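To be precise, the following lines are query.cif, and they hold mmCIF, C-alpha atoms and all ligand atoms.
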data_target
#
loop_
_atom_site.group_PDB
_atom_site.id
_atom_site.type_symbol
_atom_site.label_atom_id
_atom_site.label_comp_id
_atom_site.auth_asym_id
_atom_site.auth_seq_id
_atom_site.Cartn_x
_atom_site.Cartn_y
_atom_site.Cartn_z
ATOM 1 C CA MET K 1 16.023 -26.694 73.284
ATOM 2 C CA VAL K 2 13.301 -24.544 74.699
ATOM 3 C CA LEU K 3 13.397 -20.793 74.731
ATOM 4 C CA ALA K 4 11.057 -19.057 77.089
ATOM 5 C CA ALA K 5 8.552 -16.718 75.628
ATOM 6 C CA ILE K 6 8.121 -13.056 76.209
ATOM 7 C CA GLY K 7 8.848 -9.778 74.592
ATOM 8 C CA ASN K 8 10.221 -8.895 71.256
ATOM 9 C CA TYR K 9 11.616 -11.095 68.572
ATOM 10 C CA PRO K 10 14.164 -11.132 67.175
ATOM 11 C CA PHE K 11 15.431 -7.617 67.897
ATOM 12 C CA ARG K 12 13.407 -4.443 68.169
ATOM 13 C CA SER K 13 15.867 -2.686 65.948
ATOM 14 C CA ALA K 14 19.282 -4.214 66.009
ATOM 15 C CA MET K 15 20.923 -0.881 65.194
ATOM 16 C CA GLU K 16 19.294 0.836 68.175
ATOM 17 C CA THR K 17 19.482 -1.926 70.710
ATOM 18 C CA ALA K 18 22.665 -3.830 70.039
ATOM 19 C CA GLU K 19 23.745 -3.826 73.680
ATOM 20 C CA SER K 20 20.450 -4.380 75.390
ATOM 21 C CA VAL K 21 18.523 -6.788 73.247
ATOM 22 C CA THR K 22 16.853 -9.693 74.946
ATOM 23 C CA ILE K 23 15.903 -12.372 72.503
ATOM 24 C CA THR K 24 12.637 -13.863 73.443
ATOM 25 C CA PHE K 25 9.698 -15.390 71.722
ATOM 26 C CA SER K 26 6.007 -14.879 71.796
ATOM 27 C CA LEU K 27 3.593 -17.540 72.929
ATOM 28 C CA ASP K 28 4.860 -20.965 72.060
ATOM 29 C CA SER K 29 8.255 -22.284 72.943
ATOM 30 C CA ILE K 30 10.593 -22.881 70.026
ATOM 31 C CA MET K 31 13.139 -25.625 69.578
ATOM 32 C CA ALA K 32 16.276 -24.165 68.009
ATOM 33 C CA ASN K 33 18.690 -26.332 66.028
ATOM 34 C CA ASN K 34 22.224 -26.964 67.188
ATOM 35 C CA ILE K 35 24.632 -25.772 64.523
ATOM 36 C CA VAL K 36 27.918 -27.482 63.716
ATOM 37 C CA PHE K 37 29.982 -25.475 61.227
ATOM 38 C CA ILE K 38 32.966 -27.500 59.997
ATOM 39 C CA ILE K 39 35.752 -25.895 57.975
ATOM 40 C CA MET K 40 38.152 -28.404 56.423
ATOM 41 C CA ASP K 41 41.054 -26.015 56.052
ATOM 42 C CA SER K 42 42.531 -25.800 52.515
ATOM 43 C CA CYS K 43 40.257 -28.483 51.060
ATOM 44 C CA ARG K 44 39.628 -27.541 47.479
ATOM 45 C CA TYR K 45 36.498 -28.600 45.617
ATOM 46 C CA ASP K 46 37.918 -31.384 43.457
ATOM 47 C CA THR K 47 39.701 -32.952 46.423
ATOM 48 C CA PHE K 48 36.332 -33.321 48.091
ATOM 49 C CA THR K 49 34.688 -34.817 45.000
ATOM 50 C CA MET K 50 37.557 -37.324 44.629
ATOM 51 C CA ALA K 51 37.014 -38.541 48.193
ATOM 52 C CA ASP K 52 34.539 -41.156 49.367
ATOM 53 C CA THR K 53 32.331 -39.285 51.868
ATOM 54 C CA PRO K 54 29.297 -41.404 52.792
ATOM 55 C CA ASN K 55 28.611 -39.518 56.014
ATOM 56 C CA ILE K 56 28.792 -35.981 54.654
ATOM 57 C CA ASP K 57 26.713 -37.138 51.674
ATOM 58 C CA ARG K 58 23.827 -37.798 54.066
ATOM 59 C CA LEU K 59 23.533 -34.036 54.611
ATOM 60 C CA GLY K 60 22.867 -33.198 50.978
ATOM 61 C CA ALA K 61 24.523 -32.746 47.602
ATOM 62 C CA VAL K 62 27.891 -31.023 47.497
ATOM 63 C CA GLU K 63 28.016 -27.664 45.722
ATOM 64 C CA LYS K 64 31.005 -25.995 44.108
ATOM 65 C CA ARG K 65 31.358 -22.622 45.769
ATOM 66 C CA TYR K 66 33.981 -19.883 46.027
ATOM 67 C CA SER K 67 35.689 -18.534 49.114
ATOM 68 C CA TYR K 68 35.799 -14.804 49.767
ATOM 69 C CA ALA K 69 39.538 -14.970 50.386
ATOM 70 C CA SER K 70 42.567 -16.997 49.366
ATOM 71 C CA TRP K 71 43.832 -17.773 52.861
ATOM 72 C CA THR K 72 42.726 -18.700 56.327
ATOM 73 C CA ALA K 73 42.318 -15.535 58.409
ATOM 74 C CA PRO K 74 40.225 -13.306 56.099
ATOM 75 C CA SER K 75 38.167 -16.274 54.984
ATOM 76 C CA HIS K 76 37.301 -17.163 58.580
ATOM 77 C CA TYR K 77 36.464 -13.532 59.235
ATOM 78 C CA ALA K 78 33.797 -13.792 56.504
ATOM 79 C CA PHE K 79 32.443 -16.947 58.197
ATOM 80 C CA THR K 80 32.315 -15.098 61.492
ATOM 81 C CA MET K 81 30.176 -12.464 59.784
ATOM 82 C CA GLY K 82 27.707 -15.227 58.920
ATOM 83 C CA MET K 83 28.670 -15.412 55.248
ATOM 84 C CA MET K 84 29.163 -18.748 53.531
ATOM 85 C CA PRO K 85 31.315 -19.325 50.421
ATOM 86 C CA HIS K 86 29.421 -17.803 47.487
ATOM 87 C CA THR K 87 28.086 -19.205 44.208
ATOM 88 C CA SER K 88 29.377 -16.323 42.056
ATOM 89 C CA PRO K 89 25.905 -15.587 40.646
ATOM 90 C CA VAL K 90 25.586 -13.427 37.542
ATOM 91 C CA GLY K 91 23.005 -10.728 36.786
ATOM 92 C CA VAL K 92 22.368 -9.846 40.397
ATOM 93 C CA PHE K 93 23.549 -7.055 42.706
ATOM 94 C CA ALA K 94 25.891 -8.054 45.541
ATOM 95 C CA SER K 95 23.559 -6.380 48.047
ATOM 96 C CA THR K 96 20.750 -8.728 46.996
ATOM 97 C CA VAL K 97 23.007 -11.765 47.397
ATOM 98 C CA TYR K 98 24.047 -10.674 50.885
ATOM 99 C CA LYS K 99 20.452 -10.010 51.895
ATOM 100 C CA GLU K 100 19.410 -13.502 50.821
ATOM 101 C CA GLU K 101 22.474 -15.010 52.496
ATOM 102 C CA PHE K 102 21.570 -13.783 55.963
ATOM 103 C CA VAL K 103 17.955 -14.965 55.697
ATOM 104 C CA LEU K 104 19.301 -18.530 55.375
ATOM 105 C CA TRP K 105 20.106 -18.466 59.095
ATOM 106 C CA THR K 106 16.344 -18.834 59.591
ATOM 107 C CA ASP K 107 16.446 -22.368 58.188
ATOM 108 C CA ARG K 108 19.735 -23.211 59.849
ATOM 109 C CA THR K 109 18.597 -22.223 63.321
ATOM 110 C CA GLY K 110 14.982 -23.262 62.850
ATOM 111 C CA LEU K 111 13.975 -19.906 64.351
ATOM 112 C CA PRO K 112 11.643 -17.487 62.579
ATOM 113 C CA ASP K 113 12.519 -14.452 60.474
ATOM 114 C CA ILE K 114 16.241 -13.886 60.839
ATOM 115 C CA SER K 115 17.556 -11.288 58.418
ATOM 116 C CA PHE K 116 20.505 -8.968 57.819
ATOM 117 C CA LYS K 117 19.170 -6.306 60.172
ATOM 118 C CA ASP K 118 19.535 -8.759 63.050
ATOM 119 C CA PHE K 119 23.282 -8.869 62.356
ATOM 120 C CA LEU K 120 23.734 -5.103 62.650
ATOM 121 C CA PRO K 121 25.749 -3.271 63.693
ATOM 122 C CA GLU K 122 28.476 -5.821 64.571
ATOM 123 C CA ILE K 123 27.798 -8.290 61.725
ATOM 124 C CA SER K 124 28.860 -11.134 63.966
ATOM 125 C CA LEU K 125 27.275 -14.562 63.686
ATOM 126 C CA PRO K 126 28.343 -15.784 67.137
ATOM 127 C CA LEU K 127 26.926 -12.610 68.698
ATOM 128 C CA VAL K 128 23.590 -13.050 66.923
ATOM 129 C CA LEU K 129 23.443 -16.666 68.028
ATOM 130 C CA ARG K 130 24.317 -15.762 71.602
ATOM 131 C CA LYS K 131 21.454 -13.272 71.607
ATOM 132 C CA LEU K 132 19.241 -16.087 70.378
ATOM 133 C CA GLY K 133 20.216 -18.149 73.402
ATOM 134 C CA TYR K 134 22.985 -20.273 71.925
ATOM 135 C CA ARG K 135 26.185 -21.324 73.656
ATOM 136 C CA THR K 136 28.891 -20.474 71.127
ATOM 137 C CA VAL K 137 32.016 -22.632 71.052
ATOM 138 C CA ALA K 138 34.984 -22.465 68.671
ATOM 139 C CA ARG K 139 37.793 -24.974 68.279
ATOM 140 C CA VAL K 140 40.479 -23.988 65.798
ATOM 141 C CA SER K 141 43.584 -25.763 64.512
ATOM 142 C CA LEU K 142 45.517 -23.038 62.679
ATOM 143 C CA PRO K 143 47.650 -20.743 64.871
ATOM 144 C CA VAL K 144 46.702 -17.751 62.716
ATOM 145 C CA LEU K 145 43.220 -18.073 64.266
ATOM 146 C CA ASN K 146 44.458 -18.103 67.876
ATOM 147 C CA LYS K 147 42.270 -16.731 70.669
ATOM 148 C CA PHE K 148 43.960 -13.298 70.640
ATOM 149 C CA THR K 149 42.682 -12.582 67.131
ATOM 150 C CA LEU K 150 39.491 -10.619 66.448
ATOM 151 C CA ILE K 151 37.747 -13.767 65.272
ATOM 152 C CA SER K 152 37.494 -15.052 68.843
ATOM 153 C CA ARG K 153 35.704 -11.951 70.130
ATOM 154 C CA ASP K 154 32.073 -13.031 70.366
ATOM 155 C CA PHE K 155 32.419 -16.689 71.346
ATOM 156 C CA ASP K 156 31.625 -17.973 74.838
ATOM 157 C CA ASP K 157 34.416 -20.525 74.577
ATOM 158 C CA TYR K 158 37.297 -20.348 72.077
ATOM 159 C CA LYS K 159 40.368 -22.562 71.925
ATOM 160 C CA LEU K 160 43.306 -23.207 69.640
ATOM 161 C CA MET K 161 43.897 -26.949 69.689
ATOM 162 C CA GLU K 162 47.339 -28.089 70.819
ATOM 163 C CA ASN K 163 47.511 -30.589 67.981
ATOM 164 C CA HIS K 164 47.053 -29.495 64.362
ATOM 165 C CA ASN K 165 45.204 -32.743 63.532
ATOM 166 C CA ASP K 166 42.805 -33.254 66.401
ATOM 167 C CA PHE K 167 39.234 -33.184 65.088
ATOM 168 C CA SER K 168 38.786 -36.429 67.008
ATOM 169 C CA GLY K 169 39.729 -34.628 70.242
ATOM 170 C CA MET K 170 37.266 -31.834 69.430
ATOM 171 C CA ILE K 171 34.478 -34.382 69.039
ATOM 172 C CA ASP K 172 35.347 -36.069 72.337
ATOM 173 C CA GLU K 173 34.886 -32.747 74.163
ATOM 174 C CA MET K 174 31.668 -31.694 72.423
ATOM 175 C CA GLU K 175 28.469 -31.698 74.408
ATOM 176 C CA PHE K 176 24.887 -31.101 73.382
ATOM 177 C CA ASN K 177 22.475 -29.785 75.946
ATOM 178 C CA PRO K 178 18.726 -30.269 75.539
ATOM 179 C CA ASP K 179 18.152 -27.014 77.440
ATOM 180 C CA GLN K 180 20.408 -24.792 75.334
ATOM 181 C CA PRO K 181 21.255 -24.896 71.622
ATOM 182 C CA HIS K 182 24.967 -25.052 70.779
ATOM 183 C CA TYR K 183 26.873 -23.410 67.963
ATOM 184 C CA TYR K 184 30.146 -25.195 67.216
ATOM 185 C CA PHE K 185 32.618 -23.469 64.891
ATOM 186 C CA LEU K 186 35.337 -25.987 64.017
ATOM 187 C CA ASN K 187 38.461 -25.245 61.979
ATOM 188 C CA LEU K 188 40.156 -28.530 61.063
ATOM 189 C CA GLY K 189 43.866 -28.804 60.271
ATOM 190 C CA GLU K 190 43.916 -32.335 58.866
ATOM 191 C CA THR K 191 43.348 -31.137 55.275
ATOM 192 C CA HIS K 192 45.951 -28.344 55.601
ATOM 193 C CA TYR K 193 49.575 -28.986 54.685
ATOM 194 C CA PRO K 194 51.207 -31.344 55.786
ATOM 195 C CA TYR K 195 47.970 -33.358 55.366
ATOM 196 C CA MET K 196 48.564 -35.661 58.325
ATOM 197 C CA LEU K 197 51.907 -36.783 56.905
ATOM 198 C CA ASN K 198 54.927 -37.191 59.154
ATOM 199 C CA ASP K 199 58.274 -35.523 58.505
ATOM 200 C CA ASP K 200 59.817 -38.622 57.029
ATOM 201 C CA GLN K 201 56.920 -38.950 54.537
ATOM 202 C CA LEU K 202 57.085 -35.350 53.363
ATOM 203 C CA PRO K 203 58.820 -33.290 50.747
ATOM 204 C CA HIS K 204 60.455 -30.689 52.992
ATOM 205 C CA ILE K 205 59.293 -27.116 53.628
ATOM 206 C CA SER K 206 60.806 -25.266 56.587
ATOM 207 C CA GLY K 207 58.772 -23.105 58.968
ATOM 208 C CA VAL K 208 55.510 -23.594 60.818
ATOM 209 C CA HIS K 209 53.272 -25.594 58.486
ATOM 210 C CA GLY K 210 55.281 -24.044 55.651
ATOM 211 C CA VAL K 211 53.196 -20.894 56.098
ATOM 212 C CA PHE K 212 55.673 -18.499 57.691
ATOM 213 C CA LYS K 213 58.680 -19.400 55.607
ATOM 214 C CA SER K 214 58.547 -16.238 53.529
ATOM 215 C CA LEU K 215 58.423 -14.134 56.715
ATOM 216 C CA ASP K 216 61.757 -15.399 57.978
ATOM 217 C CA ASN K 217 64.248 -12.516 57.825
ATOM 218 C CA ARG K 218 67.288 -14.738 57.632
ATOM 219 C CA ASP K 219 65.894 -16.464 54.570
ATOM 220 C CA ARG K 220 65.145 -13.111 52.988
ATOM 221 C CA GLN K 221 68.587 -11.712 53.721
ATOM 222 C CA GLN K 222 70.244 -14.730 52.255
ATOM 223 C CA GLY K 223 67.867 -14.676 49.306
ATOM 224 C CA SER K 224 67.636 -18.420 49.719
ATOM 225 C CA ARG K 225 64.880 -20.499 48.209
ATOM 226 C CA GLU K 226 64.428 -24.180 48.707
ATOM 227 C CA LYS K 227 63.816 -26.412 45.773
ATOM 228 C CA PHE K 228 60.129 -26.373 44.823
ATOM 229 C CA PHE K 229 58.065 -29.569 44.780
ATOM 230 C CA ASP K 230 58.190 -31.591 41.571
ATOM 231 C CA PRO K 231 54.994 -32.752 39.786
ATOM 232 C CA GLU K 232 55.112 -36.215 41.346
ATOM 233 C CA GLN K 233 55.372 -34.786 44.833
ATOM 234 C CA MET K 234 52.473 -32.429 44.074
ATOM 235 C CA GLN K 235 50.274 -35.341 42.980
ATOM 236 C CA MET K 236 51.207 -37.316 46.048
ATOM 237 C CA LEU K 237 50.226 -34.384 48.273
ATOM 238 C CA HIS K 238 46.907 -33.961 46.449
ATOM 239 C CA ARG K 239 46.127 -37.658 46.892
ATOM 240 C CA GLN K 240 47.007 -37.328 50.535
ATOM 241 C CA GLN K 241 44.537 -34.442 50.939
ATOM 242 C CA VAL K 242 41.856 -36.762 49.495
ATOM 243 C CA LYS K 243 42.723 -39.356 52.150
ATOM 244 C CA CYS K 244 42.437 -36.689 54.839
ATOM 245 C CA VAL K 245 38.911 -35.817 53.659
ATOM 246 C CA GLU K 246 37.970 -39.495 53.881
ATOM 247 C CA TYR K 247 39.401 -39.688 57.381
ATOM 248 C CA LEU K 248 37.426 -36.576 58.391
ATOM 249 C CA ASP K 249 34.249 -38.006 56.879
ATOM 250 C CA GLY K 250 34.584 -40.979 59.224
ATOM 251 C CA GLN K 251 34.977 -38.625 62.165
ATOM 252 C CA ILE K 252 31.995 -36.570 60.996
ATOM 253 C CA GLY K 253 29.982 -39.806 60.999
ATOM 254 C CA ARG K 254 30.978 -40.289 64.636
ATOM 255 C CA LEU K 255 29.936 -36.706 65.411
ATOM 256 C CA MET K 256 26.624 -37.189 63.598
ATOM 257 C CA ASP K 257 25.928 -40.203 65.808
ATOM 258 C CA LYS K 258 26.651 -38.093 68.871
ATOM 259 C CA ALA K 259 24.611 -35.029 67.844
ATOM 260 C CA PRO K 260 20.861 -34.775 68.479
ATOM 261 C CA GLY K 261 18.464 -34.948 65.531
ATOM 262 C CA ASN K 262 17.944 -31.207 65.458
ATOM 263 C CA THR K 263 21.572 -30.477 64.535
ATOM 264 C CA TRP K 264 22.313 -28.512 61.363
ATOM 265 C CA PHE K 265 25.681 -29.311 59.819
ATOM 266 C CA ILE K 266 27.652 -27.094 57.468
ATOM 267 C CA VAL K 267 30.757 -28.627 55.874
ATOM 268 C CA THR K 268 32.983 -26.443 53.718
ATOM 269 C CA SER K 269 36.506 -25.064 53.339
ATOM 270 C CA ASP K 270 38.090 -21.657 53.796
ATOM 271 C CA HIS K 271 39.941 -21.704 50.450
ATOM 272 C CA GLY K 272 41.345 -24.151 47.966
ATOM 273 C CA GLU K 273 44.884 -25.346 47.388
ATOM 274 C CA LEU K 274 47.229 -25.483 44.410
ATOM 275 C CA PHE K 275 49.052 -28.698 43.608
ATOM 276 C CA GLY K 276 51.301 -27.523 40.811
ATOM 277 C CA GLU K 277 48.744 -25.891 38.523
ATOM 278 C CA ASP K 278 50.441 -23.017 36.665
ATOM 279 C CA GLY K 279 53.481 -23.351 38.904
ATOM 280 C CA TYR K 280 51.764 -22.788 42.251
ATOM 281 C CA PHE K 281 51.684 -24.782 45.453
ATOM 282 C CA GLY K 282 49.444 -24.073 48.424
ATOM 283 C CA HIS K 283 47.313 -20.982 48.939
ATOM 284 C CA GLY K 284 47.568 -17.399 50.187
ATOM 285 C CA PRO K 285 49.344 -15.021 47.817
ATOM 286 C CA VAL K 286 47.906 -16.939 44.882
ATOM 287 C CA MET K 287 45.479 -15.579 42.284
ATOM 288 C CA HIS K 288 44.157 -18.792 40.788
ATOM 289 C CA GLU K 289 40.705 -20.309 40.449
ATOM 290 C CA LYS K 290 41.733 -23.460 42.328
ATOM 291 C CA CYS K 291 42.611 -21.299 45.312
ATOM 292 C CA PHE K 292 38.982 -20.162 45.576
ATOM 293 C CA GLU K 293 37.034 -23.320 44.680
ATOM 294 C CA VAL K 294 35.614 -24.999 47.765
ATOM 295 C CA PRO K 295 33.018 -27.664 48.550
ATOM 296 C CA PHE K 296 29.849 -26.692 50.374
ATOM 297 C CA VAL K 297 27.329 -29.069 51.941
ATOM 298 C CA GLU K 298 24.704 -28.352 54.576
ATOM 299 C CA GLY K 299 21.625 -29.859 56.117
ATOM 300 C CA LEU K 300 20.073 -31.465 59.165
ATOM 301 C CA LYS K 301 21.807 -34.657 60.165
HETATM 302 ZN ZN ZN K 401 43.025 -21.968 55.597
#

Final structure tokens representation of the file:
Amino acid sequence: MVLAAIGNYPFRSAMETAESVTITFSLDSIMANNIVFIIMDSCRYDTFTMADTPNIDRLGAVEKRYSYASWTAPSHYAFTMGMMPHTSPVGVFASTVYKEEFVLWTDRTGLPDISFKDFLPEISLPLVLRKLGYRTVARVSLPVLNKFTLISRDFDDYKLMENHNDFSGMIDEMEFNPDQPHYYFLNLGETHYPYMLNDDQLPHISGVHGVFKSLDNRDRQQGSREKFFDPEQMQMLHRQQVKCVEYLDGQIGRLMDKAPGNTWFIVTSDHGELFGEDGYFGHGPVMHEKCFEVPFVEGLK
């Protein structure tokens, strides 16, 4: 994509000019990368490493990272700020880590000298990218990320998919324009419970995706609790999450074929998942290492 050249880059002072900034470039035109940010919801690190992922592997080596939150909404809020899952580094101040984190958007976009000050005051990745000339598009699968939430605020186009498992449908709709870079923010439900299983294949949990069960007043009044999964069921569900990652890898291969060469992919998860470890299943109100371990891979296709 070609950005016309004039004026100040990237922002004069983001704090002073948040509303009025025009992102332009001096002298030569610059080709910005498309960015495709894929979040495989609930995919914990070891699930990813157990899966065969030849397409994602083309992007680079997978890293074990840690999510900033144990469930979907706050974790996606951190992504929307431009923050990736962290490496939990020792001997360094958090402020230094954050500073280095935002500079990485220079490599991802292929544009010069992006830093934390460019994110101020909103600290919104889609807003920064829009100012850089991107079209910003989000497709989400989890209802907790619906378009009325704050996360949707700075996208040009934001949609909750009708089907929980429709990464394939997202890909079909995606377009890449040689005259404008695209930022695609994709939350995928295939790796979230029920892991693409049908009702008759599943150990039963009532409620939407099992997530809102504890919020049901009738259940609370009755003090009822359904029987928890047994170890065999837990293992079956974990194996099924591995299969979902392999399915998504195939779809990512299809998307990589469709995307232009200057497309930067990020593949990660918003949190992990418990499959019986220390008596837990799932994620959310869980304080356990497996709930925070996530895979992280990025690179040009
Ligand atoms: Zn999630």

Which residues fall under the PyMOL selection byres (((chain K and resi 153-164) around 8) and not hetatm) in this file, as a list in words?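 On this input, the PyMOL selection byres (((chain K and resi 153-164) around 8) and not hetatm) captures Ser124, Pro126, Leu127, Arg135, Thr136, Val137, Ala138, Arg139, Val140, Ser141, Leu142, Pro143, Leu145, Asn146, Lys147, Thr149, Leu150, Ile151, Ser152, Asn165, Asp166, Leu188, Gly189 and Glu190 of chain K.
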
Expected selection as a PyMOL selection string for ligand ZN 401 (chain K) within 10 Å, all atoms listed in the file: chain K and resi 39-43+69-76+141-142+144-145+187-189+191-193+269-273+282-284

Selection export as a CSV table (one decimal), in the coordinates of the input, atoms kept: C-alpha atoms:
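Once everything was written out, this is out-v4.csv:
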chain,number,residue,atom,x,y,z
K,39,ILE,CA,35.8,-25.9,58.0
K,40,MET,CA,38.2,-28.4,56.4
K,41,ASP,CA,41.1,-26.0,56.1
K,42,SER,CA,42.5,-25.8,52.5
K,43,CYS,CA,40.3,-28.5,51.1
K,69,ALA,CA,39.5,-15.0,50.4
K,70,SER,CA,42.6,-17.0,49.4
K,71,TRP,CA,43.8,-17.8,52.9
K,72,THR,CA,42.7,-18.7,56.3
K,73,ALA,CA,42.3,-15.5,58.4
K,74,PRO,CA,40.2,-13.3,56.1
K,75,SER,CA,38.2,-16.3,55.0
K,76,HIS,CA,37.3,-17.2,58.6
K,141,SER,CA,43.6,-25.8,64.5
K,142,LEU,CA,45.5,-23.0,62.7
K,144,VAL,CA,46.7,-17.8,62.7
K,145,LEU,CA,43.2,-18.1,64.3
K,187,ASN,CA,38.5,-25.2,62.0
K,188,LEU,CA,40.2,-28.5,61.1
K,189,GLY,CA,43.9,-28.8,60.3
K,191,THR,CA,43.3,-31.1,55.3
K,192,HIS,CA,46.0,-28.3,55.6
K,193,TYR,CA,49.6,-29.0,54.7
K,269,SER,CA,36.5,-25.1,53.3
K,270,ASP,CA,38.1,-21.7,53.8
K,271,HIS,CA,39.9,-21.7,50.4
K,272,GLY,CA,41.3,-24.2,48.0
K,273,GLU,CA,44.9,-25.3,47.4
K,282,GLY,CA,49.4,-24.1,48.4
K,283,HIS,CA,47.3,-21.0,48.9
K,284,GLY,CA,47.6,-17.4,50.2

For this session: Starting from the shown file, work through the PyMOL selection byres (((chain K and resi 59) around 12) and not hetatm) and note down what comes out as a list in words.
Result: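 Going through the file, the PyMOL selection byres (((chain K and resi 59) around 12) and not hetatm) ends up selecting Thr53, Pro54, Asn55, Ile56, Asp57, Arg58, Gly60, Ala61, Val62, Glu63, Asp249, Ile252, Gly253, Met256, Thr263, Trp264, Phe265, Ile266, Val267, Phe296, Val297, Glu298, Gly299, Leu300 and Lys301 of chain K.
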
Would you write out those residues with C-alpha atoms, as a compact mmCIF listing (two decimals), keeping the file's coordinate frame?
# COMPACT_ATOMS: atom_id res chain seq x y z
CA THR K 53 32.33 -39.28 51.87
CA PRO K 54 29.30 -41.40 52.79
CA ASN K 55 28.61 -39.52 56.01
CA ILE K 56 28.79 -35.98 54.65
CA ASP K 57 26.71 -37.14 51.67
CA ARG K 58 23.83 -37.80 54.07
CA GLY K 60 22.87 -33.20 50.98
CA ALA K 61 24.52 -32.75 47.60
CA VAL K 62 27.89 -31.02 47.50
CA GLU K 63 28.02 -27.66 45.72
CA ASP K 249 34.25 -38.01 56.88
CA ILE K 252 32.00 -36.57 61.00
CA GLY K 253 29.98 -39.81 61.00
CA MET K 256 26.62 -37.19 63.60
CA THR K 263 21.57 -30.48 64.54
CA TRP K 264 22.31 -28.51 61.36
CA PHE K 265 25.68 -29.31 59.82
CA ILE K 266 27.65 -27.09 57.47
CA VAL K 267 30.76 -28.63 55.87
CA PHE K 296 29.85 -26.69 50.37
CA VAL K 297 27.33 -29.07 51.94
CA GLU K 298 24.70 -28.35 54.58
CA GLY K 299 21.62 -29.86 56.12
CA LEU K 300 20.07 -31.46 59.16
CA LYS K 301 21.81 -34.66 60.16

Practice problem: Work out how far atom CA of Tyr66 of chain K is from atom CA of Arg44 of chain K, in Å to one decimal. | Solution: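 Between atom CA of Arg44 of chain K and atom CA of Tyr66 of chain K the gap is 9.6 Å.
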
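Proximity to Val103 of chain K was assessed for K:Val90, K:Met83, K:Ile30, K:Met196 counting all atoms listed in the file; the smallest distance is recorded for K:Met83.
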
(request) Find the distance between atom CA of Leu248 of chain K and atom CA of Met236 of chain K and write it in Å to one decimal. (result)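 Between atom CA of Leu248 of chain K and atom CA of Met236 of chain K the gap works out to 18.5 Å.
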
Using all atoms listed in the file, the residue out of K:Lys227, K:His238, K:His182, K:Lys64 with shortest distance to Leu197 of chain K is K:His238
